[in-house]
Amino acid sequence: MPDEPVSASPPVSTGELLRHRAFLLFLLSRSFSRFATQIGAVAIGWQVYDLTGSAFDLGMIGFVQFLPTALLLFVAGHAADRYERKRVVQICEVVEGLTALFLAWGAFAGWLTVTHIFIATFVLGIVGAFESPALAALLPLIAPQGSLQRATAISSGAAQVATIAGPAIGGLAYVIAPSAAYGITGAFALFAAGCIGVVRLTQAAALRDAATPDDLFAGVRFVRNNPAILGTISLDLFAVLLGGATALLPIYARDILQTGPLGLGILRAAPAVGALLMTAILAHHTINRHVGLRMFQAVIVFGVATIVFALSSWMWLSVLSLAILGAADTISVVIRFSLVQLATPDEMRGRVGAVNFLFINASNQLGQFESGLTAALFGAMPAAVLGGVCTVAVALLWMKLFPSLRQVESLE
């Protein structure tokens, strides 16, 4: 008697996904962790500037946080594939919470110095280097089968909420006292650790073989030998690196749009608002066809929106273009994350995630540097226009260089 065909798993709705206990705990943990990161970033930045009045020291905060990522890339990815991922994430969040409480204690007692803050920032950079690949590799084991794209969209939306509200909470708490901002950061991080610690995985992680020194570099080899993954990760690197117009927002707010600090806050919030709205759409209406092409289209829209923003001298058009930019970036992020996770065997996800995390961090940090340098050489508006044009050009070029990525039809 012939075997009966196995039917595909029915799609999981947004409501069902949010009622899924493991995913809900993961979502709470990610939200608390992102709030902690955003609140802590505001407090650290403001206090360093309060203590030194130096723009260089502000720039050093980003460098000190990025340095551990570059140094620990292979070790962090290896850890995510060798050890229980939720425990790796939990340990990272506990360390983040204790580091924030150390800053709170120092700020309250009055002995906190810039050196202490930079040491704490370096520790937080180490935490981020280990937490990000483990967290990314954990989601496919938590989301019910067939729901990764929707789960990624919801998770991204929760992160955008924290990106919008976190700095406001951090600023308000800092006005009360710097120690209050650090204390809230520590509490949120420890809450995140508690939530992730009780998660039960929907799928079992792949068995790990005995480790060898060569395993540390397996993620790089895997990315290099898989054109779709290499194209996906490198597209994000160059798009963000070249299209980082948001780094120029203070110049636009003061000199071009002639608005004050409130206007700058609105401009900074606009991409996150657009991203949040797109997340709500993707959570209910997943992209089921031509996903590779849709990712390229989203990057092109990102570049065009950057050009519109660069040329705009009207506040409403600038805000609208930034919101569209954020929405397009969310489409790219959701597709990119899902493609990378689904194309990577579970036993490799941590190491591949570490490579991806390095590319993301490099694009963000170096993108800010690139935007500042070109703005200093050519002016803010030409620099932003050039970034948008180059982003569109990279997307078109990558469509030619990585045809297999362009031809990806569906996710899951």
# chains A, B, ... in the order shown; residues from 1 in each chain; ligands from 1
>>> residues_around(residues="Pro68 (chain A)", least_positions_apart="5", cutoff="8 Å", atoms="only C-alpha atoms", output="PyMOL selection string")
chain A and resi 73+122+125-126+129
>>> residues_around(residues="Thr37 (chain A)", least_positions_apart="3", cutoff="12 Å", atoms="only C-alpha atoms", output="mmCIF file with N, CA and C atoms, in the first residue's frame")
data_model
loop_
_atom_site.group_PDB
_atom_site.id
_atom_site.type_symbol
_atom_site.label_atom_id
_atom_site.label_comp_id
_atom_site.auth_asym_id
_atom_site.auth_seq_id
_atom_site.Cartn_x
_atom_site.Cartn_y
_atom_site.Cartn_z
ATOM 1 N N ARG A 30 13.330 39.294 25.080
ATOM 2 C CA ARG A 30 13.970 40.169 24.090
ATOM 3 C C ARG A 30 13.563 41.614 24.316
ATOM 4 N N SER A 31 12.300 41.848 24.672
ATOM 5 C CA SER A 31 11.822 43.215 24.897
ATOM 6 C C SER A 31 12.509 43.836 26.101
ATOM 7 N N PHE A 32 12.545 43.108 27.218
ATOM 8 C CA PHE A 32 13.218 43.627 28.413
ATOM 9 C C PHE A 32 14.690 43.904 28.127
ATOM 10 N N SER A 33 15.334 42.978 27.392
ATOM 11 C CA SER A 33 16.749 43.154 27.082
ATOM 12 C C SER A 33 16.981 44.374 26.200
ATOM 13 N N ARG A 34 16.124 44.574 25.191
ATOM 14 C CA ARG A 34 16.280 45.732 24.317
ATOM 15 C C ARG A 34 16.005 47.037 25.066
ATOM 16 N N GLY A 40 20.189 52.049 28.942
ATOM 17 C CA GLY A 40 21.591 52.133 29.325
ATOM 18 C C GLY A 40 22.406 52.993 28.371
ATOM 19 N N ALA A 41 22.110 52.912 27.069
ATOM 20 C CA ALA A 41 22.852 53.710 26.093
ATOM 21 C C ALA A 41 22.645 55.201 26.316
ATOM 22 N N VAL A 42 21.405 55.590 26.616
ATOM 23 C CA VAL A 42 21.125 57.004 26.886
ATOM 24 C C VAL A 42 21.868 57.465 28.127
ATOM 25 N N ALA A 43 21.806 56.661 29.194
ATOM 26 C CA ALA A 43 22.454 57.050 30.445
ATOM 27 C C ALA A 43 23.970 57.138 30.286
ATOM 28 N N ILE A 44 24.557 56.162 29.619
ATOM 29 C CA ILE A 44 26.014 56.169 29.440
ATOM 30 C C ILE A 44 26.444 57.358 28.586
ATOM 31 N N GLY A 45 25.751 57.587 27.484
ATOM 32 C CA GLY A 45 26.108 58.708 26.615
ATOM 33 C C GLY A 45 26.001 60.045 27.317
ATOM 34 N N GLN A 65 32.395 49.476 22.485
ATOM 35 C CA GLN A 65 31.391 48.418 22.404
ATOM 36 C C GLN A 65 31.625 47.502 21.204
ATOM 37 N N GLU A 93 22.530 38.109 29.993
ATOM 38 C CA GLU A 93 21.600 39.094 30.540
ATOM 39 C C GLU A 93 21.821 39.315 32.034
ATOM 40 N N GLU A 96 24.810 41.572 32.159
ATOM 41 C CA GLU A 96 24.386 42.921 31.785
ATOM 42 C C GLU A 96 23.690 43.611 32.965
ATOM 43 N N GLY A 97 22.817 42.870 33.642
ATOM 44 C CA GLY A 97 22.103 43.443 34.785
ATOM 45 C C GLY A 97 23.047 43.821 35.908
ATOM 46 N N THR A 99 26.244 44.507 35.671
ATOM 47 C CA THR A 99 27.076 45.634 35.229
ATOM 48 C C THR A 99 26.326 46.950 35.375
ATOM 49 N N ALA A 100 25.040 46.951 35.010
ATOM 50 C CA ALA A 100 24.235 48.167 35.154
ATOM 51 C C ALA A 100 24.069 48.536 36.630
ATOM 52 N N THR A 121 31.249 49.569 29.717
ATOM 53 C CA THR A 121 30.826 49.525 28.314
ATOM 54 C C THR A 121 31.504 48.390 27.575
ATOM 55 N N LEU A 124 29.741 45.276 28.507
ATOM 56 C CA LEU A 124 28.471 45.189 27.776
ATOM 57 C C LEU A 124 28.700 44.808 26.313
ATOM 58 N N GLY A 125 29.818 45.235 25.742
ATOM 59 C CA GLY A 125 30.159 44.812 24.390
ATOM 60 C C GLY A 125 30.415 43.313 24.312
ATOM 61 N N VAL A 127 29.076 41.129 26.341
ATOM 62 C CA VAL A 127 27.736 40.541 26.496
ATOM 63 C C VAL A 127 27.009 40.502 25.155
ATOM 64 N N GLY A 128 27.034 41.619 24.433
ATOM 65 C CA GLY A 128 26.365 41.675 23.139
ATOM 66 C C GLY A 128 26.956 40.701 22.140
ATOM 67 N N ALA A 159 11.272 44.947 19.375
ATOM 68 C CA ALA A 159 12.530 45.693 19.456
ATOM 69 C C ALA A 159 12.330 47.156 19.057
ATOM 70 N N ALA A 162 10.852 49.165 21.879
ATOM 71 C CA ALA A 162 11.898 49.524 22.833
ATOM 72 C C ALA A 162 12.787 50.643 22.293
ATOM 73 N N THR A 163 13.034 50.631 20.987
ATOM 74 C CA THR A 163 13.854 51.673 20.371
ATOM 75 C C THR A 163 13.180 53.037 20.455
ATOM 76 N N ALA A 165 10.543 53.839 22.783
ATOM 77 C CA ALA A 165 10.213 54.218 24.161
ATOM 78 C C ALA A 165 11.413 54.183 25.096
ATOM 79 N N GLY A 166 12.393 53.313 24.809
ATOM 80 C CA GLY A 166 13.529 53.166 25.711
ATOM 81 C C GLY A 166 14.306 54.445 25.964
ATOM 82 N N PRO A 167 14.710 55.180 24.906
ATOM 83 C CA PRO A 167 15.440 56.430 25.152
ATOM 84 C C PRO A 167 14.642 57.450 25.962
ATOM 85 N N ILE A 169 12.359 56.743 28.292
ATOM 86 C CA ILE A 169 12.406 56.291 29.685
ATOM 87 C C ILE A 169 13.780 56.579 30.281
ATOM 88 N N GLY A 170 14.830 56.304 29.502
ATOM 89 C CA GLY A 170 16.178 56.562 29.986
ATOM 90 C C GLY A 170 16.426 58.031 30.271
ATOM 91 N N ALA A 181 18.492 55.686 36.222
ATOM 92 C CA ALA A 181 18.533 55.132 34.863
ATOM 93 C C ALA A 181 19.300 53.813 34.833
ATOM 94 N N TYR A 182 20.444 53.766 35.508
ATOM 95 C CA TYR A 182 21.214 52.527 35.539
ATOM 96 C C TYR A 182 20.469 51.431 36.305
ATOM 97 N N ILE A 184 17.192 51.033 36.554
ATOM 98 C CA ILE A 184 16.130 50.497 35.691
ATOM 99 C C ILE A 184 16.736 49.573 34.629
ATOM 100 N N THR A 185 17.890 49.972 34.087
ATOM 101 C CA THR A 185 18.578 49.120 33.114
ATOM 102 C C THR A 185 18.879 47.751 33.709
ATOM 103 N N GLY A 186 19.426 47.745 34.927
ATOM 104 C CA GLY A 186 19.748 46.483 35.581
ATOM 105 C C GLY A 186 18.528 45.631 35.845
ATOM 106 N N ALA A 187 17.433 46.266 36.284
ATOM 107 C CA ALA A 187 16.206 45.520 36.567
ATOM 108 C C ALA A 187 15.642 44.892 35.301
ATOM 109 N N PHE A 188 15.630 45.654 34.203
ATOM 110 C CA PHE A 188 15.108 45.122 32.942
ATOM 111 C C PHE A 188 15.952 43.937 32.454
ATOM 112 N N ALA A 189 17.265 44.052 32.569
ATOM 113 C CA ALA A 189 18.137 42.962 32.118
ATOM 114 C C ALA A 189 17.914 41.700 32.953
ATOM 115 N N ALA A 192 14.741 40.074 31.942
ATOM 116 C CA ALA A 192 14.964 39.338 30.685
ATOM 117 C C ALA A 192 15.591 37.977 30.961
#
>>> residues_around(residues="Ser332 (chain A)", least_positions_apart="2", cutoff="7 Å", atoms="only C-alpha atoms", output="ChimeraX atom specification")
/A:295,298-299,328-330,334-336
>>> write_last_selection(atoms="N, CA and C atoms", output="tab-separated table (two decimals), in the first residue's frame")
chain	number	residue	atom	x	y	z
A	295	MET	N	13.26	41.35	-1.15
A	295	MET	CA	14.33	41.89	-0.31
A	295	MET	C	15.13	42.94	-1.09
A	298	ALA	N	13.11	46.05	-1.38
A	298	ALA	CA	13.07	46.80	-0.12
A	298	ALA	C	14.33	47.64	0.05
A	299	VAL	N	15.49	47.07	-0.32
A	299	VAL	CA	16.74	47.83	-0.22
A	299	VAL	C	16.74	49.00	-1.19
A	328	ALA	N	10.91	49.95	4.95
A	328	ALA	CA	11.64	49.15	3.95
A	328	ALA	C	12.73	48.33	4.62
A	329	ASP	N	13.41	48.92	5.57
A	329	ASP	CA	14.47	48.21	6.28
A	329	ASP	C	13.90	47.01	7.04
A	330	THR	N	12.70	47.15	7.59
A	330	THR	CA	12.08	46.04	8.32
A	330	THR	C	11.79	44.86	7.40
A	334	VAL	N	13.45	41.21	8.11
A	334	VAL	CA	12.65	40.00	8.33
A	334	VAL	C	13.03	38.92	7.31
A	335	ILE	N	13.12	39.30	6.04
A	335	ILE	CA	13.48	38.32	5.00
A	335	ILE	C	14.91	37.83	5.21
A	336	ARG	N	15.82	38.76	5.47
A	336	ARG	CA	17.22	38.39	5.63
A	336	ARG	C	17.41	37.42	6.79
>>> closest_residue(among="A:Pro271, A:Gly292, A:Gly231, A:Gly194", to="Ile324 (chain A)", atoms="only C-alpha atoms")
A:Pro271
>>> closest_residue(among="A:Leu386, A:Ile117, A:Val355, A:Leu25", to="Leu71 (chain A)", atoms="only C-alpha atoms")
A:Val355
